[in-house]
$ cat input_32.cif   # mmCIF, N, CA and C atoms
data_entry
loop_
_atom_site.label_atom_id
_atom_site.label_comp_id
_atom_site.auth_asym_id
_atom_site.auth_seq_id
_atom_site.Cartn_x
_atom_site.Cartn_y
_atom_site.Cartn_z
N MET A 1 -32.01 86.87 -97.18
CA MET A 1 -30.74 87.09 -97.79
C MET A 1 -29.64 86.77 -96.81
N THR A 2 -28.45 86.34 -97.30
CA THR A 2 -27.35 85.98 -96.41
C THR A 2 -26.65 87.22 -95.91
N GLU A 3 -26.13 87.11 -94.73
CA GLU A 3 -25.43 88.25 -94.15
C GLU A 3 -24.01 88.30 -94.67
N VAL A 4 -23.52 89.44 -94.70
CA VAL A 4 -22.15 89.65 -95.14
C VAL A 4 -21.30 89.77 -93.90
N ALA A 5 -20.15 89.11 -93.94
CA ALA A 5 -19.26 89.16 -92.78
C ALA A 5 -18.73 90.57 -92.61
N PRO A 6 -18.67 91.07 -91.36
CA PRO A 6 -18.16 92.42 -91.16
C PRO A 6 -16.70 92.53 -91.60
N GLY A 7 -16.34 93.56 -92.18
CA GLY A 7 -14.97 93.78 -92.62
C GLY A 7 -14.68 93.16 -93.96
N CYS A 8 -15.58 92.39 -94.51
CA CYS A 8 -15.36 91.76 -95.81
C CYS A 8 -16.60 92.08 -96.65
N PRO A 9 -16.64 93.24 -97.23
CA PRO A 9 -17.83 93.60 -97.98
C PRO A 9 -18.02 92.69 -99.20
N GLY A 10 -19.23 92.21 -99.35
CA GLY A 10 -19.57 91.44 -100.53
C GLY A 10 -19.31 89.96 -100.43
N THR A 11 -18.83 89.41 -99.31
CA THR A 11 -18.58 87.96 -99.20
C THR A 11 -19.56 87.35 -98.22
N ALA A 12 -20.02 86.19 -98.54
CA ALA A 12 -20.95 85.48 -97.66
C ALA A 12 -20.18 84.71 -96.60
N LEU A 13 -20.88 84.39 -95.54
CA LEU A 13 -20.25 83.61 -94.47
C LEU A 13 -19.98 82.20 -94.99
N ALA A 14 -18.82 81.64 -94.66
CA ALA A 14 -18.43 80.29 -95.05
C ALA A 14 -18.09 79.52 -93.79
N PRO A 15 -18.19 78.17 -93.87
CA PRO A 15 -17.81 77.41 -92.68
C PRO A 15 -16.34 77.62 -92.37
N PRO A 16 -15.97 77.48 -91.10
CA PRO A 16 -14.56 77.71 -90.75
C PRO A 16 -13.66 76.76 -91.50
N HIS A 17 -12.49 77.24 -91.82
CA HIS A 17 -11.52 76.45 -92.58
C HIS A 17 -10.90 75.40 -91.65
N THR A 18 -10.83 74.10 -92.10
CA THR A 18 -10.23 73.01 -91.32
C THR A 18 -9.12 72.38 -92.14
N ALA A 19 -8.19 71.74 -91.43
CA ALA A 19 -7.08 71.06 -92.11
C ALA A 19 -7.63 69.82 -92.81
N PRO A 20 -7.04 69.42 -93.94
CA PRO A 20 -7.52 68.22 -94.63
C PRO A 20 -7.30 66.99 -93.74
N THR A 21 -8.26 66.07 -93.75
CA THR A 21 -8.18 64.84 -92.94
C THR A 21 -7.86 63.67 -93.85
N ALA A 22 -7.56 62.54 -93.23
CA ALA A 22 -7.28 61.33 -93.99
C ALA A 22 -8.53 60.92 -94.74
N SER A 23 -8.34 60.21 -95.79
CA SER A 23 -9.44 59.76 -96.62
C SER A 23 -10.40 58.91 -95.79
N ARG A 24 -11.69 59.13 -95.97
CA ARG A 24 -12.68 58.35 -95.24
C ARG A 24 -12.73 56.92 -95.73
N ASN A 25 -12.25 56.67 -96.93
CA ASN A 25 -12.30 55.34 -97.50
C ASN A 25 -11.07 54.50 -97.16
N ALA A 26 -10.08 55.10 -96.54
CA ALA A 26 -8.85 54.35 -96.24
C ALA A 26 -9.14 53.31 -95.16
N SER A 27 -8.56 52.14 -95.33
CA SER A 27 -8.73 51.06 -94.37
C SER A 27 -7.95 51.39 -93.10
N PRO A 28 -8.53 51.20 -91.93
CA PRO A 28 -7.80 51.49 -90.70
C PRO A 28 -6.65 50.51 -90.47
N CYS A 29 -6.66 49.37 -91.15
CA CYS A 29 -5.61 48.38 -90.98
C CYS A 29 -4.35 48.75 -91.73
N ARG A 30 -4.49 49.53 -92.77
CA ARG A 30 -3.33 49.83 -93.61
C ARG A 30 -2.64 51.10 -93.14
N SER A 31 -1.35 51.11 -93.25
CA SER A 31 -0.61 52.32 -92.93
C SER A 31 -0.67 53.24 -94.14
N ALA A 32 -0.29 54.49 -93.95
CA ALA A 32 -0.35 55.47 -95.04
C ALA A 32 0.58 55.06 -96.19
N SER A 33 1.71 54.41 -95.87
CA SER A 33 2.64 54.03 -96.93
C SER A 33 2.10 52.88 -97.79
N ASP A 34 1.23 52.08 -97.22
CA ASP A 34 0.66 50.96 -97.97
C ASP A 34 -0.52 51.40 -98.83
N HIS A 35 -1.08 52.57 -98.55
CA HIS A 35 -2.27 53.02 -99.26
C HIS A 35 -2.02 53.10 -100.75
N GLY A 36 -2.82 52.31 -101.45
CA GLY A 36 -2.71 52.35 -102.90
C GLY A 36 -1.58 51.51 -103.46
N SER A 37 -0.87 50.77 -102.62
CA SER A 37 0.26 49.98 -103.10
C SER A 37 -0.14 48.52 -103.12
N PRO A 38 -0.33 47.94 -104.31
CA PRO A 38 -0.72 46.53 -104.37
C PRO A 38 0.30 45.61 -103.72
N SER A 39 1.59 45.91 -103.88
CA SER A 39 2.60 45.02 -103.28
C SER A 39 2.55 45.13 -101.76
N GLY A 40 2.27 46.29 -101.23
CA GLY A 40 2.13 46.46 -99.78
C GLY A 40 0.93 45.69 -99.27
N THR A 41 -0.15 45.70 -100.02
CA THR A 41 -1.35 44.96 -99.62
C THR A 41 -1.07 43.47 -99.63
N ARG A 42 -0.40 42.99 -100.66
CA ARG A 42 -0.07 41.56 -100.72
C ARG A 42 0.84 41.18 -99.56
N ARG A 43 1.78 42.07 -99.27
CA ARG A 43 2.69 41.80 -98.15
C ARG A 43 1.91 41.70 -96.84
N GLN A 44 0.98 42.63 -96.66
CA GLN A 44 0.18 42.61 -95.43
C GLN A 44 -0.70 41.36 -95.37
N LEU A 45 -1.30 40.99 -96.50
CA LEU A 45 -2.13 39.78 -96.53
C LEU A 45 -1.30 38.54 -96.22
N ALA A 46 -0.10 38.48 -96.77
CA ALA A 46 0.78 37.34 -96.51
C ALA A 46 1.17 37.29 -95.03
N LYS A 47 1.45 38.46 -94.46
CA LYS A 47 1.81 38.52 -93.04
C LYS A 47 0.62 38.08 -92.18
N ASP A 48 -0.58 38.57 -92.52
CA ASP A 48 -1.77 38.20 -91.78
C ASP A 48 -2.01 36.69 -91.86
N LYS A 49 -1.82 36.13 -93.05
CA LYS A 49 -2.03 34.68 -93.22
C LYS A 49 -1.03 33.90 -92.38
N ARG A 50 0.24 34.33 -92.39
CA ARG A 50 1.25 33.65 -91.57
C ARG A 50 0.86 33.69 -90.09
N GLU A 51 0.41 34.87 -89.64
CA GLU A 51 0.02 35.00 -88.24
C GLU A 51 -1.17 34.11 -87.92
N GLU A 52 -2.14 34.05 -88.82
CA GLU A 52 -3.30 33.17 -88.61
C GLU A 52 -2.88 31.71 -88.59
N ASP A 53 -1.98 31.33 -89.49
CA ASP A 53 -1.50 29.95 -89.53
C ASP A 53 -0.76 29.59 -88.24
N GLU A 54 0.07 30.52 -87.75
CA GLU A 54 0.79 30.28 -86.50
C GLU A 54 -0.18 30.12 -85.34
N LYS A 55 -1.18 31.00 -85.31
CA LYS A 55 -2.17 30.92 -84.23
C LYS A 55 -2.94 29.60 -84.31
N ALA A 56 -3.32 29.19 -85.51
CA ALA A 56 -4.03 27.91 -85.69
C ALA A 56 -3.15 26.75 -85.23
N GLN A 57 -1.86 26.82 -85.56
CA GLN A 57 -0.92 25.76 -85.15
C GLN A 57 -0.81 25.71 -83.62
N GLU A 58 -0.72 26.89 -83.00
CA GLU A 58 -0.65 26.95 -81.54
C GLU A 58 -1.90 26.36 -80.91
N LEU A 59 -3.06 26.69 -81.48
CA LEU A 59 -4.31 26.15 -80.96
C LEU A 59 -4.37 24.63 -81.10
N LEU A 60 -3.91 24.13 -82.25
CA LEU A 60 -3.88 22.68 -82.45
C LEU A 60 -2.96 22.00 -81.44
N GLU A 61 -1.80 22.59 -81.21
CA GLU A 61 -0.86 22.01 -80.24
C GLU A 61 -1.46 22.03 -78.84
N ALA A 62 -2.13 23.14 -78.49
CA ALA A 62 -2.76 23.23 -77.17
C ALA A 62 -3.84 22.17 -77.03
N LEU A 63 -4.62 21.98 -78.08
CA LEU A 63 -5.68 20.97 -78.05
C LEU A 63 -5.09 19.56 -77.92
N ARG A 64 -4.02 19.30 -78.66
CA ARG A 64 -3.37 17.98 -78.56
C ARG A 64 -2.83 17.74 -77.15
N ASP A 65 -2.22 18.79 -76.57
CA ASP A 65 -1.71 18.66 -75.20
C ASP A 65 -2.85 18.37 -74.23
N LYS A 66 -3.96 19.07 -74.41
CA LYS A 66 -5.10 18.86 -73.53
C LYS A 66 -5.63 17.44 -73.67
N GLU A 67 -5.74 16.97 -74.90
CA GLU A 67 -6.22 15.59 -75.14
C GLU A 67 -5.24 14.57 -74.55
N ARG A 68 -3.94 14.83 -74.69
CA ARG A 68 -2.93 13.92 -74.15
C ARG A 68 -3.03 13.86 -72.63
N ARG A 69 -3.19 15.02 -71.99
CA ARG A 69 -3.32 15.03 -70.53
C ARG A 69 -4.59 14.32 -70.08
N ALA A 70 -5.67 14.52 -70.81
CA ALA A 70 -6.93 13.84 -70.47
C ALA A 70 -6.77 12.33 -70.60
N GLN A 71 -6.09 11.88 -71.67
CA GLN A 71 -5.88 10.44 -71.86
C GLN A 71 -4.99 9.88 -70.75
N GLN A 72 -3.96 10.63 -70.38
CA GLN A 72 -3.09 10.17 -69.28
C GLN A 72 -3.88 10.04 -67.99
N GLN A 73 -4.78 10.99 -67.74
CA GLN A 73 -5.60 10.92 -66.53
C GLN A 73 -6.51 9.70 -66.58
N LEU A 74 -7.10 9.44 -67.74
CA LEU A 74 -7.95 8.25 -67.88
C LEU A 74 -7.13 6.98 -67.64
N ASP A 75 -5.91 6.94 -68.18
CA ASP A 75 -5.05 5.77 -67.99
C ASP A 75 -4.72 5.57 -66.51
N ARG A 76 -4.40 6.69 -65.83
CA ARG A 76 -4.08 6.59 -64.40
C ARG A 76 -5.29 6.08 -63.61
N CYS A 77 -6.46 6.58 -63.95
CA CYS A 77 -7.68 6.13 -63.26
C CYS A 77 -7.93 4.64 -63.50
N ALA A 78 -7.72 4.20 -64.74
CA ALA A 78 -7.92 2.78 -65.06
C ALA A 78 -6.93 1.91 -64.30
N GLU A 79 -5.66 2.36 -64.23
CA GLU A 79 -4.66 1.59 -63.48
C GLU A 79 -5.03 1.52 -62.00
N GLU A 80 -5.46 2.64 -61.45
CA GLU A 80 -5.84 2.67 -60.03
C GLU A 80 -7.04 1.76 -59.79
N ARG A 81 -8.01 1.80 -60.67
CA ARG A 81 -9.18 0.93 -60.54
C ARG A 81 -8.75 -0.54 -60.60
N GLY A 82 -7.83 -0.85 -61.51
CA GLY A 82 -7.32 -2.22 -61.61
C GLY A 82 -6.61 -2.65 -60.34
N ARG A 83 -5.80 -1.75 -59.77
CA ARG A 83 -5.11 -2.08 -58.51
C ARG A 83 -6.11 -2.32 -57.38
N LYS A 84 -7.13 -1.48 -57.32
CA LYS A 84 -8.14 -1.64 -56.26
C LYS A 84 -8.90 -2.95 -56.43
N MET A 85 -9.23 -3.29 -57.66
CA MET A 85 -9.95 -4.54 -57.91
C MET A 85 -9.07 -5.74 -57.53
N GLU A 86 -7.80 -5.68 -57.86
CA GLU A 86 -6.88 -6.77 -57.51
C GLU A 86 -6.73 -6.88 -56.00
N GLU A 87 -6.64 -5.75 -55.34
CA GLU A 87 -6.55 -5.76 -53.88
C GLU A 87 -7.83 -6.35 -53.27
N GLN A 88 -8.98 -5.97 -53.82
CA GLN A 88 -10.25 -6.51 -53.33
C GLN A 88 -10.33 -8.02 -53.56
N ARG A 89 -9.83 -8.46 -54.73
CA ARG A 89 -9.83 -9.90 -55.03
C ARG A 89 -8.96 -10.66 -54.03
N ARG A 90 -7.78 -10.10 -53.73
CA ARG A 90 -6.88 -10.75 -52.75
C ARG A 90 -7.52 -10.80 -51.37
N LYS A 91 -8.16 -9.71 -50.97
CA LYS A 91 -8.82 -9.69 -49.66
C LYS A 91 -9.92 -10.75 -49.59
N GLU A 92 -10.70 -10.85 -50.66
CA GLU A 92 -11.79 -11.83 -50.69
C GLU A 92 -11.22 -13.25 -50.65
N GLN A 93 -10.14 -13.48 -51.39
CA GLN A 93 -9.50 -14.80 -51.41
C GLN A 93 -8.97 -15.14 -50.01
N LYS A 94 -8.37 -14.16 -49.37
CA LYS A 94 -7.84 -14.38 -48.02
C LYS A 94 -8.98 -14.65 -47.04
N ARG A 95 -10.08 -13.91 -47.17
CA ARG A 95 -11.23 -14.12 -46.30
C ARG A 95 -11.80 -15.53 -46.48
N ARG A 96 -11.91 -15.96 -47.74
CA ARG A 96 -12.43 -17.31 -48.01
C ARG A 96 -11.51 -18.38 -47.43
N ALA A 97 -10.20 -18.18 -47.61
CA ALA A 97 -9.24 -19.15 -47.08
C ALA A 97 -9.34 -19.22 -45.56
N ALA A 98 -9.49 -18.06 -44.90
CA ALA A 98 -9.62 -18.03 -43.45
C ALA A 98 -10.91 -18.72 -43.00
N ALA A 99 -11.99 -18.47 -43.74
CA ALA A 99 -13.27 -19.11 -43.40
C ALA A 99 -13.17 -20.62 -43.57
N GLU A 100 -12.50 -21.06 -44.65
CA GLU A 100 -12.33 -22.50 -44.90
C GLU A 100 -11.47 -23.13 -43.80
N GLU A 101 -10.40 -22.44 -43.41
CA GLU A 101 -9.53 -22.95 -42.35
C GLU A 101 -10.30 -23.03 -41.03
N LYS A 102 -11.10 -22.02 -40.75
CA LYS A 102 -11.88 -22.03 -39.51
C LYS A 102 -12.89 -23.19 -39.53
N ARG A 103 -13.54 -23.42 -40.66
CA ARG A 103 -14.49 -24.52 -40.80
C ARG A 103 -13.79 -25.87 -40.61
N ARG A 104 -12.59 -26.02 -41.21
CA ARG A 104 -11.83 -27.25 -41.09
C ARG A 104 -11.43 -27.50 -39.63
N GLN A 105 -10.95 -26.46 -38.96
CA GLN A 105 -10.55 -26.61 -37.55
C GLN A 105 -11.76 -26.94 -36.68
N GLN A 106 -12.89 -26.33 -37.02
CA GLN A 106 -14.10 -26.61 -36.24
C GLN A 106 -14.53 -28.07 -36.43
N GLN A 107 -14.43 -28.56 -37.66
CA GLN A 107 -14.77 -29.97 -37.92
C GLN A 107 -13.83 -30.89 -37.17
N GLU A 108 -12.53 -30.57 -37.16
CA GLU A 108 -11.56 -31.39 -36.43
C GLU A 108 -11.87 -31.39 -34.94
N ALA A 109 -12.23 -30.20 -34.42
CA ALA A 109 -12.54 -30.10 -32.99
C ALA A 109 -13.78 -30.92 -32.66
N GLU A 110 -14.78 -30.85 -33.53
CA GLU A 110 -16.01 -31.62 -33.31
C GLU A 110 -15.71 -33.12 -33.38
N LYS A 111 -14.89 -33.53 -34.33
CA LYS A 111 -14.53 -34.96 -34.47
C LYS A 111 -13.76 -35.42 -33.24
N SER A 112 -12.83 -34.59 -32.81
CA SER A 112 -12.03 -34.94 -31.63
C SER A 112 -12.94 -35.03 -30.41
N GLU A 113 -13.88 -34.13 -30.32
CA GLU A 113 -14.83 -34.14 -29.20
C GLU A 113 -15.69 -35.40 -29.25
N ARG A 114 -16.16 -35.77 -30.43
CA ARG A 114 -16.96 -37.00 -30.56
C ARG A 114 -16.14 -38.24 -30.20
N ASP A 115 -14.90 -38.25 -30.71
CA ASP A 115 -14.05 -39.40 -30.44
C ASP A 115 -13.75 -39.54 -28.95
N SER A 116 -13.58 -38.45 -28.26
CA SER A 116 -13.28 -38.55 -26.83
C SER A 116 -14.54 -38.89 -26.04
N ALA A 117 -15.71 -38.47 -26.52
CA ALA A 117 -16.96 -38.77 -25.83
C ALA A 117 -17.40 -40.20 -26.07
N TYR A 118 -17.11 -40.73 -27.24
CA TYR A 118 -17.51 -42.10 -27.59
C TYR A 118 -16.26 -42.89 -27.91
N PRO A 119 -15.80 -43.74 -26.95
CA PRO A 119 -14.60 -44.54 -27.24
C PRO A 119 -14.88 -45.53 -28.38
N HIS A 120 -13.82 -45.97 -29.00
CA HIS A 120 -13.96 -46.90 -30.12
C HIS A 120 -14.59 -48.19 -29.65
N PRO A 121 -15.51 -48.74 -30.41
CA PRO A 121 -16.15 -49.98 -29.98
C PRO A 121 -15.19 -51.16 -30.04
N HIS A 122 -14.20 -51.09 -30.87
CA HIS A 122 -13.25 -52.19 -30.98
C HIS A 122 -11.88 -51.72 -30.49
N PRO A 123 -11.21 -52.51 -29.75
CA PRO A 123 -9.86 -52.12 -29.31
C PRO A 123 -8.93 -52.05 -30.54
N PRO A 124 -7.92 -51.26 -30.47
CA PRO A 124 -7.01 -51.10 -31.60
C PRO A 124 -6.27 -52.37 -31.97
N TRP A 125 -6.10 -53.37 -31.04
CA TRP A 125 -5.39 -54.62 -31.36
C TRP A 125 -6.23 -55.66 -32.03
N SER A 126 -7.53 -55.41 -32.19
CA SER A 126 -8.34 -56.45 -32.81
C SER A 126 -8.48 -56.32 -34.26
#

$ encode --input "input_32.cif" --output "structure tokens"
Amino acid sequence: MTEVAPGCPGTALAPPHTAPTASRNASPCRSASDHGSPSGTRRQLAKDKREEDEKAQELLEALRDKERRAQQQLDRCAEERGRKMEEQRRKEQKRRAAAEEKRRQQQEAEKSERDSAYPHPHPPWS
């Protein structure tokens, strides 16, 4: 049998009295003033959609900026590579020209040496 609370003859013990709490079914996203208000819900949904759209736009802009910077870097690298190749081409051309000049001078020196070692068989007046 249940015990009777002292000082209260004939009443059974009950759980302690607590203050009423917010509804367990209420959405944590909604404020108390929006609860049960369709226009408030629509307003909140519209606000949420605007915020999502703004965030998506910001992300798109950030992605475009990143792609633009990457393309600029690729362009700079290509230009630098082109400059280096042109410089290498000029160096090679200069080296070839120097080698050709050295070969020509060497041939002239050899010819001059031969001519001085072997006089002409015919005098220049004949």

$ atom_distance --input "input_32.cif" --atom1 "atom N of Arg104 (chain A)" --atom2 "atom N of Met85 (chain A)"
28.3 Å

$ atom_distance --input "input_32.cif" --atom1 "CA of Arg68 (chain A)" --atom2 "CA of Asp53 (chain A)"
22.3 Å

$ atom_distance --input "input_32.cif" --atom1 "CA of Ala99 (chain A)" --atom2 "atom N of Ser112 (chain A)"
18.8 Å

$ axis_aligned_box --input "input_32.cif" --around "region 64-67 of chain A" --padding-each-side "8 Å" --output "JSON"
{"center_x": -4.0, "center_y": 16.9, "center_z": -76.1, "size_x": 20.5, "size_y": 20.7, "size_z": 21.1}
